[in-house]
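Scroll down for the structure; my scribbles are underneath it.
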Amino acid sequence: MMKALAKFGRPSDFGTYRMIDIPEPECGDNDIILEVKAAAICGADMKHYKVDNGSDEFGSVRGHEFAGEIVRVGKNVKDWRPGQRIVSDNTGHVCGRCPACERGDYLLCSEKVNLGLGYGYSGGFTKYCRIPGEILAIHKRAIWEIPEGLEYEEAAVMDPICNAYKAIAQRSGFLPGENVVIFGTGPLGLFSVQIAKIMGALNIVVVGLEEDVKVRFGVARQLGATEVVNGSAEDVVQRCQEICGGSDSIGLVVDCAGANICLKQAIEMVRCNGEIVRVGMGFKPVGFSINDISMKAVSIIGHMAYDATSWRNALQLLAAGRIQVKPMITHRLGLSRWEEGFEAMANKEAIKVILTYDFD
């Protein structure tokens, strides 16, 4: 048996987290068993924190950002072997037939289920995790070998790195020398800062709130932000345009926050023919006029997840030291102290929390 942090309730329910005992996963003929060496708390995990839905229905072991060492492979597995260090892109199930799967955008598949997020597909908040053979048969790049010199805790956060990479490098038409405004100071926002810097942005302005002053604004500057704007105290549109050089100076806005006010401000500040890539998600109806999208010929680009190109290039940048993870890791805790890590995230004292199995 092993300990695992699990979510209880139906797939559509929020909450509830419980630390439970579960059997070690069995290795099927086409499966891979991974010993988890590092798992990170993500904002998606936080949606279930301190939510009591009263359900005793087991959902899944959580934790979709994780890396570890292969300890067992099924008899039909030829491309992987015990001892290899790998990181999962957390894909657990896809249909393999839809237009998204045909393009290699597996995480846009309408039937996709994520390891550590989806119902019945367990993730990395435990000791051992099964990489299903069913996904490896369809999605050959569901796991990646960790380059020599990279630590498990760095590889474990490839998910937000690749998300940021695709948002800017693949989804937008960003050109070197342009000004970029980034809403949000979480991992997606801070990795977007680094991607924008690598790609040659002139000014990189990060917009956050008063709660970000204590920790996150300083890290944003350390990672390449030229300026930070406190949305709780400043006129965001005016200040961003002032920093970048006027009303026609901002070519790209990356919204990693997802709040409606951020989208409104992004539309107001971006130049004519500019782009807004929406990475963050909000759940409330838009309550403002969107006529400026047409009047200014603004392109609003929806973004979700990543593909093999994102992973290959981002992993190479990370291995080369061009992307930094460690300044963002504010807490390293044993899995037994998971509540402490979640509390630090909830209070904005943490940026990235790494959990390691400590029950043996």
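FYI, nothing fancy with the structure tokens labels: chains A, B, ... in order, residues from 1 per chain, ligands from 1 as they appear.
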Residue set, range 71-283 of chain A restricted to strand (DSSP E or B), as a PyMOL selection string
chain A and resi 71-73+85-88+91-93+113-114+126+128-131+143-145+179-183+204-208+227-230+250-255+275-278
Write out, as a CSV table (one decimal), in the first residue's frame, the residues just selected, with N, CA and C atoms.
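Output contents, as saved in selection-v6.csv:
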```
chain,number,residue,atom,x,y,z
A,71,VAL,N,10.3,2.5,-13.0
A,71,VAL,CA,10.7,1.4,-12.2
A,71,VAL,C,10.2,0.0,-12.8
A,72,ARG,N,9.2,0.1,-13.6
A,72,ARG,CA,8.7,-1.1,-14.3
A,72,ARG,C,8.1,-0.8,-15.6
A,73,VAL,N,8.3,-1.7,-16.6
A,73,VAL,CA,7.7,-1.5,-17.9
A,73,VAL,C,7.0,-2.9,-18.3
A,85,ARG,N,14.8,8.6,-16.5
A,85,ARG,CA,14.1,9.7,-15.8
A,85,ARG,C,13.2,10.3,-16.8
A,86,ILE,N,11.9,10.4,-16.4
A,86,ILE,CA,10.9,10.9,-17.4
A,86,ILE,C,10.0,12.0,-16.8
A,87,VAL,N,9.4,12.7,-17.6
A,87,VAL,CA,8.3,13.7,-17.2
A,87,VAL,C,7.1,13.4,-18.1
A,88,SER,N,6.0,13.4,-17.5
A,88,SER,CA,4.7,13.2,-18.3
A,88,SER,C,4.1,14.5,-18.7
A,91,THR,N,-1.1,13.5,-20.2
A,91,THR,CA,-2.2,12.9,-21.0
A,91,THR,C,-2.5,11.5,-20.6
A,92,GLY,N,-3.7,11.2,-20.3
A,92,GLY,CA,-4.1,9.8,-19.9
A,92,GLY,C,-4.9,9.0,-20.9
A,93,HIS,N,-5.8,9.8,-21.5
A,93,HIS,CA,-6.7,9.1,-22.5
A,93,HIS,C,-7.1,10.2,-23.6
A,113,VAL,N,-8.6,12.8,-21.1
A,113,VAL,CA,-8.6,12.7,-19.7
A,113,VAL,C,-7.2,12.9,-19.2
A,114,ASN,N,-6.9,13.8,-18.3
A,114,ASN,CA,-5.6,14.0,-17.8
A,114,ASN,C,-5.2,13.2,-16.6
A,126,THR,N,1.5,10.9,-5.0
A,126,THR,CA,1.6,9.6,-4.4
A,126,THR,C,3.0,9.1,-4.7
A,128,TYR,N,3.9,6.0,-6.6
A,128,TYR,CA,4.0,5.4,-7.9
A,128,TYR,C,2.8,5.8,-8.8
A,129,CYS,N,3.1,6.0,-10.1
A,129,CYS,CA,2.0,6.4,-11.0
A,129,CYS,C,2.1,5.5,-12.3
A,130,ARG,N,1.0,5.1,-12.8
A,130,ARG,CA,1.0,4.3,-14.0
A,130,ARG,C,0.7,5.2,-15.2
A,131,ILE,N,1.7,5.1,-16.2
A,131,ILE,CA,1.5,5.7,-17.5
A,131,ILE,C,0.8,4.7,-18.4
A,143,ILE,N,5.2,11.1,-22.8
A,143,ILE,CA,6.3,11.2,-21.8
A,143,ILE,C,7.6,11.6,-22.5
A,144,TRP,N,8.5,12.2,-21.8
A,144,TRP,CA,9.8,12.7,-22.3
A,144,TRP,C,10.9,12.3,-21.4
A,145,GLU,N,12.0,12.0,-21.9
A,145,GLU,CA,13.2,11.7,-21.0
A,145,GLU,C,13.7,13.1,-20.6
A,179,ASN,N,6.6,45.3,-27.7
A,179,ASN,CA,6.3,45.3,-26.3
A,179,ASN,C,5.3,44.3,-26.0
A,180,VAL,N,5.4,43.7,-24.8
A,180,VAL,CA,4.5,42.7,-24.3
A,180,VAL,C,4.0,43.0,-22.9
A,181,VAL,N,2.7,42.9,-22.7
A,181,VAL,CA,2.1,43.0,-21.4
A,181,VAL,C,1.6,41.7,-21.0
A,182,ILE,N,1.9,41.3,-19.8
A,182,ILE,CA,1.5,40.0,-19.3
A,182,ILE,C,0.6,40.1,-18.0
A,183,PHE,N,-0.6,39.7,-18.1
A,183,PHE,CA,-1.5,39.7,-16.9
A,183,PHE,C,-1.3,38.4,-16.1
A,204,ILE,N,8.8,44.2,-21.2
A,204,ILE,CA,7.9,43.2,-20.7
A,204,ILE,C,7.3,43.7,-19.4
A,205,VAL,N,6.0,44.0,-19.5
A,205,VAL,CA,5.3,44.6,-18.3
A,205,VAL,C,4.4,43.5,-17.7
A,206,VAL,N,4.6,43.3,-16.4
A,206,VAL,CA,3.7,42.3,-15.7
A,206,VAL,C,2.7,43.0,-14.9
A,207,VAL,N,1.5,42.7,-15.0
A,207,VAL,CA,0.4,43.3,-14.2
A,207,VAL,C,-0.1,42.3,-13.2
A,208,GLY,N,-0.1,42.7,-11.9
A,208,GLY,CA,-0.6,41.9,-10.8
A,208,GLY,C,-1.4,42.7,-9.9
A,227,GLU,N,9.1,46.1,-16.1
A,227,GLU,CA,8.3,46.8,-15.1
A,227,GLU,C,7.2,45.9,-14.6
A,228,VAL,N,6.7,46.3,-13.4
A,228,VAL,CA,5.5,45.6,-12.9
A,228,VAL,C,4.5,46.7,-12.6
A,229,VAL,N,3.2,46.4,-12.7
A,229,VAL,CA,2.1,47.3,-12.5
A,229,VAL,C,1.2,46.7,-11.5
A,230,ASN,N,0.9,47.5,-10.5
A,230,ASN,CA,0.0,47.0,-9.4
A,230,ASN,C,-1.5,47.4,-9.8
A,250,ILE,N,1.8,48.8,-27.8
A,250,ILE,CA,1.7,47.4,-27.2
A,250,ILE,C,1.2,46.5,-28.3
A,251,GLY,N,2.0,45.6,-28.8
A,251,GLY,CA,1.7,44.7,-29.8
A,251,GLY,C,1.0,43.4,-29.4
A,252,LEU,N,1.4,42.9,-28.2
A,252,LEU,CA,0.9,41.7,-27.7
A,252,LEU,C,0.6,41.8,-26.2
A,253,VAL,N,-0.6,41.2,-25.8
A,253,VAL,CA,-1.0,41.1,-24.4
A,253,VAL,C,-1.3,39.6,-24.2
A,254,VAL,N,-0.6,39.1,-23.2
A,254,VAL,CA,-0.8,37.7,-22.8
A,254,VAL,C,-1.6,37.7,-21.5
A,255,ASP,N,-2.8,37.2,-21.5
A,255,ASP,CA,-3.7,37.2,-20.3
A,255,ASP,C,-3.6,35.8,-19.6
A,275,GLU,N,-2.5,41.9,-30.8
A,275,GLU,CA,-3.0,40.5,-30.4
A,275,GLU,C,-3.1,40.4,-28.9
A,276,ILE,N,-4.2,39.6,-28.6
A,276,ILE,CA,-4.3,39.2,-27.2
A,276,ILE,C,-4.4,37.7,-27.2
A,277,VAL,N,-3.5,37.0,-26.4
A,277,VAL,CA,-3.6,35.6,-26.3
A,277,VAL,C,-4.2,35.3,-24.9
A,278,ARG,N,-5.3,34.6,-24.9
A,278,ARG,CA,-6.0,34.4,-23.6
A,278,ARG,C,-5.6,33.0,-23.1
```
Counting only C-alpha atoms, give me one row per residue of range 50-162 of chain A with an atom at most 12 Å from an atom of range 345-352 of chain A, showing the shortest contact pair and its distance in Å to one decimal, sorted by chain then residue number, as a tab-separated table.
```
residue	atom	partner	partner_atom	distance
A:Lys50	CA	A:Ala346	CA	10.0
A:Glu65	CA	A:Lys352	CA	10.9
A:Glu153	CA	A:Lys352	CA	10.1
A:Glu154	CA	A:Lys352	CA	10.7
A:Ala156	CA	A:Lys352	CA	10.7
A:Val157	CA	A:Lys352	CA	8.7
A:Pro160	CA	A:Lys352	CA	10.8
```
Could those selected residues go to a file with C-alpha atoms, as a PDB file, in the first residue's frame?
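Writing done, so here's out.pdb:
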```pdb
ATOM      1  CA  LYS A  50     -11.060  23.510   1.297  1.00  0.00           C
ATOM      2  CA  GLU A  65       2.609  18.112 -12.849  1.00  0.00           C
ATOM      3  CA  GLU A 153      11.710  19.465  -9.592  1.00  0.00           C
ATOM      4  CA  GLU A 154      12.576  21.465 -12.704  1.00  0.00           C
ATOM      5  CA  ALA A 156       8.002  18.509 -13.002  1.00  0.00           C
ATOM      6  CA  VAL A 157       6.814  21.983 -14.026  1.00  0.00           C
ATOM      7  CA  PRO A 160       3.226  25.626 -17.486  1.00  0.00           C
TER       8      PRO A 160
END
```
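Atom to atom, CA of Lys3 in chain A and CA of Phe359 in chain A stand 7.2 Å apart.
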Using only C-alpha atoms, pick whichever of A:Glu134, A:Ser249, A:Gly118, A:Glu151 has the shortest atom-to-atom distance to Glu178 in chain A.
A:Ser249
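Nearest to Ala233 in chain A of all the residues A:Val213, A:Arg62, A:Ala220, A:Asp248 is A:Val213, counting only C-alpha atoms.
The closest residue to Arg332 in chain A, picked from A:Asp45, A:Ala38, A:Leu107, A:Gly120 and counting only C-alpha atoms, is A:Ala38.
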Can you tell me which residues surround Leu355 in chain A at a distance of at most 12 Å, considering only C-alpha atoms, apart from same-chain residues fewer than 2 positions away, and format the answer as a ChimeraX atom specification?
/A:4-5,36-42,62-63,65-67,124-127,152-153,156-157,329-342,352-353,357-359
List every residue of range 233-275 of chain A that has an atom at most 7 Å from any atom of range 298-310 of chain A, and for each one report the closest atom pair and its distance in Å to one decimal, counting only C-alpha atoms, with rows sorted by chain and then by increasing residue number, as a Markdown table.
```
| residue | atom | partner | partner_atom | distance |
| --- | --- | --- | --- | --- |
| A:Cys272 | CA | A:Val298 | CA | 6.2 |
| A:Asn273 | CA | A:Val298 | CA | 5.0 |
| A:Gly274 | CA | A:Val298 | CA | 5.3 |
| A:Glu275 | CA | A:Ser299 | CA | 4.8 |
```
Can you list, as a ChimeraX atom specification, every protein, DNA or RNA residue that comes within 10 Å of Val219 in chain A when you count only C-alpha atoms, leaving out same-chain residues fewer than 5 positions away?
/A:185,190,212-214,224-225,327-328,351
Need the shell around Asp292 in chain A: protein/DNA/RNA residues with any atom at most 9 Å away, counting only C-alpha atoms. Skip same-chain ones fewer than 4 positions apart. Format as an NGL selection string?
:A and (267-268 or 296-298)
Hey, which of A:Ala169, A:Lys112, A:Cys27, A:Arg81 ends up closest to Gly96 in chain A? Count only C-alpha atoms.
A:Lys112
If we count only C-alpha atoms, what is near range 286-290 of chain A at a cut-off of 10 Å, once residues fewer than 5 positions away on the same chain are taken out, given as a list in words?
Ala259, Asn260, Ile261, Leu263, Lys264, Ile267, Glu268 and Met295 of chain A
Based on the backbone DSSP call, show me all residues of range 322-351 of chain A assigned alpha helix (DSSP H), as a ChimeraX atom specification.
/A:338-346
Can you write out the residues you just picked, keeping N, CA and C atoms, as a PDB file, in the first residue's frame?
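The resulting file, out.pdb, is reproduced below:
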```pdb
ATOM      1  N   TRP A 338       1.115  18.334   2.753  1.00  0.00           N
ATOM      2  CA  TRP A 338       0.431  18.901   1.589  1.00  0.00           C
ATOM      3  C   TRP A 338      -0.447  20.092   1.939  1.00  0.00           C
ATOM      4  N   GLU A 339      -1.095  20.045   3.108  1.00  0.00           N
ATOM      5  CA  GLU A 339      -1.976  21.150   3.479  1.00  0.00           C
ATOM      6  C   GLU A 339      -1.196  22.448   3.667  1.00  0.00           C
ATOM      7  N   GLU A 340       0.011  22.334   4.177  1.00  0.00           N
ATOM      8  CA  GLU A 340       0.865  23.513   4.342  1.00  0.00           C
ATOM      9  C   GLU A 340       1.177  24.142   2.981  1.00  0.00           C
ATOM     10  N   GLY A 341       1.452  23.293   2.008  1.00  0.00           N
ATOM     11  CA  GLY A 341       1.731  23.790   0.665  1.00  0.00           C
ATOM     12  C   GLY A 341       0.524  24.440   0.020  1.00  0.00           C
ATOM     13  N   PHE A 342      -0.635  23.815   0.166  1.00  0.00           N
ATOM     14  CA  PHE A 342      -1.854  24.387  -0.401  1.00  0.00           C
ATOM     15  C   PHE A 342      -2.201  25.708   0.280  1.00  0.00           C
ATOM     16  N   GLU A 343      -1.967  25.779   1.581  1.00  0.00           N
ATOM     17  CA  GLU A 343      -2.261  27.012   2.309  1.00  0.00           C
ATOM     18  C   GLU A 343      -1.352  28.144   1.843  1.00  0.00           C
ATOM     19  N   ALA A 344      -0.077  27.830   1.602  1.00  0.00           N
ATOM     20  CA  ALA A 344       0.859  28.839   1.101  1.00  0.00           C
ATOM     21  C   ALA A 344       0.434  29.341  -0.275  1.00  0.00           C
ATOM     22  N   MET A 345      -0.066  28.442  -1.100  1.00  0.00           N
ATOM     23  CA  MET A 345      -0.565  28.848  -2.417  1.00  0.00           C
ATOM     24  C   MET A 345      -1.803  29.729  -2.269  1.00  0.00           C
ATOM     25  N   ALA A 346      -2.702  29.345  -1.389  1.00  0.00           N
ATOM     26  CA  ALA A 346      -3.940  30.099  -1.202  1.00  0.00           C
ATOM     27  C   ALA A 346      -3.667  31.511  -0.702  1.00  0.00           C
TER      28      ALA A 346
END
```
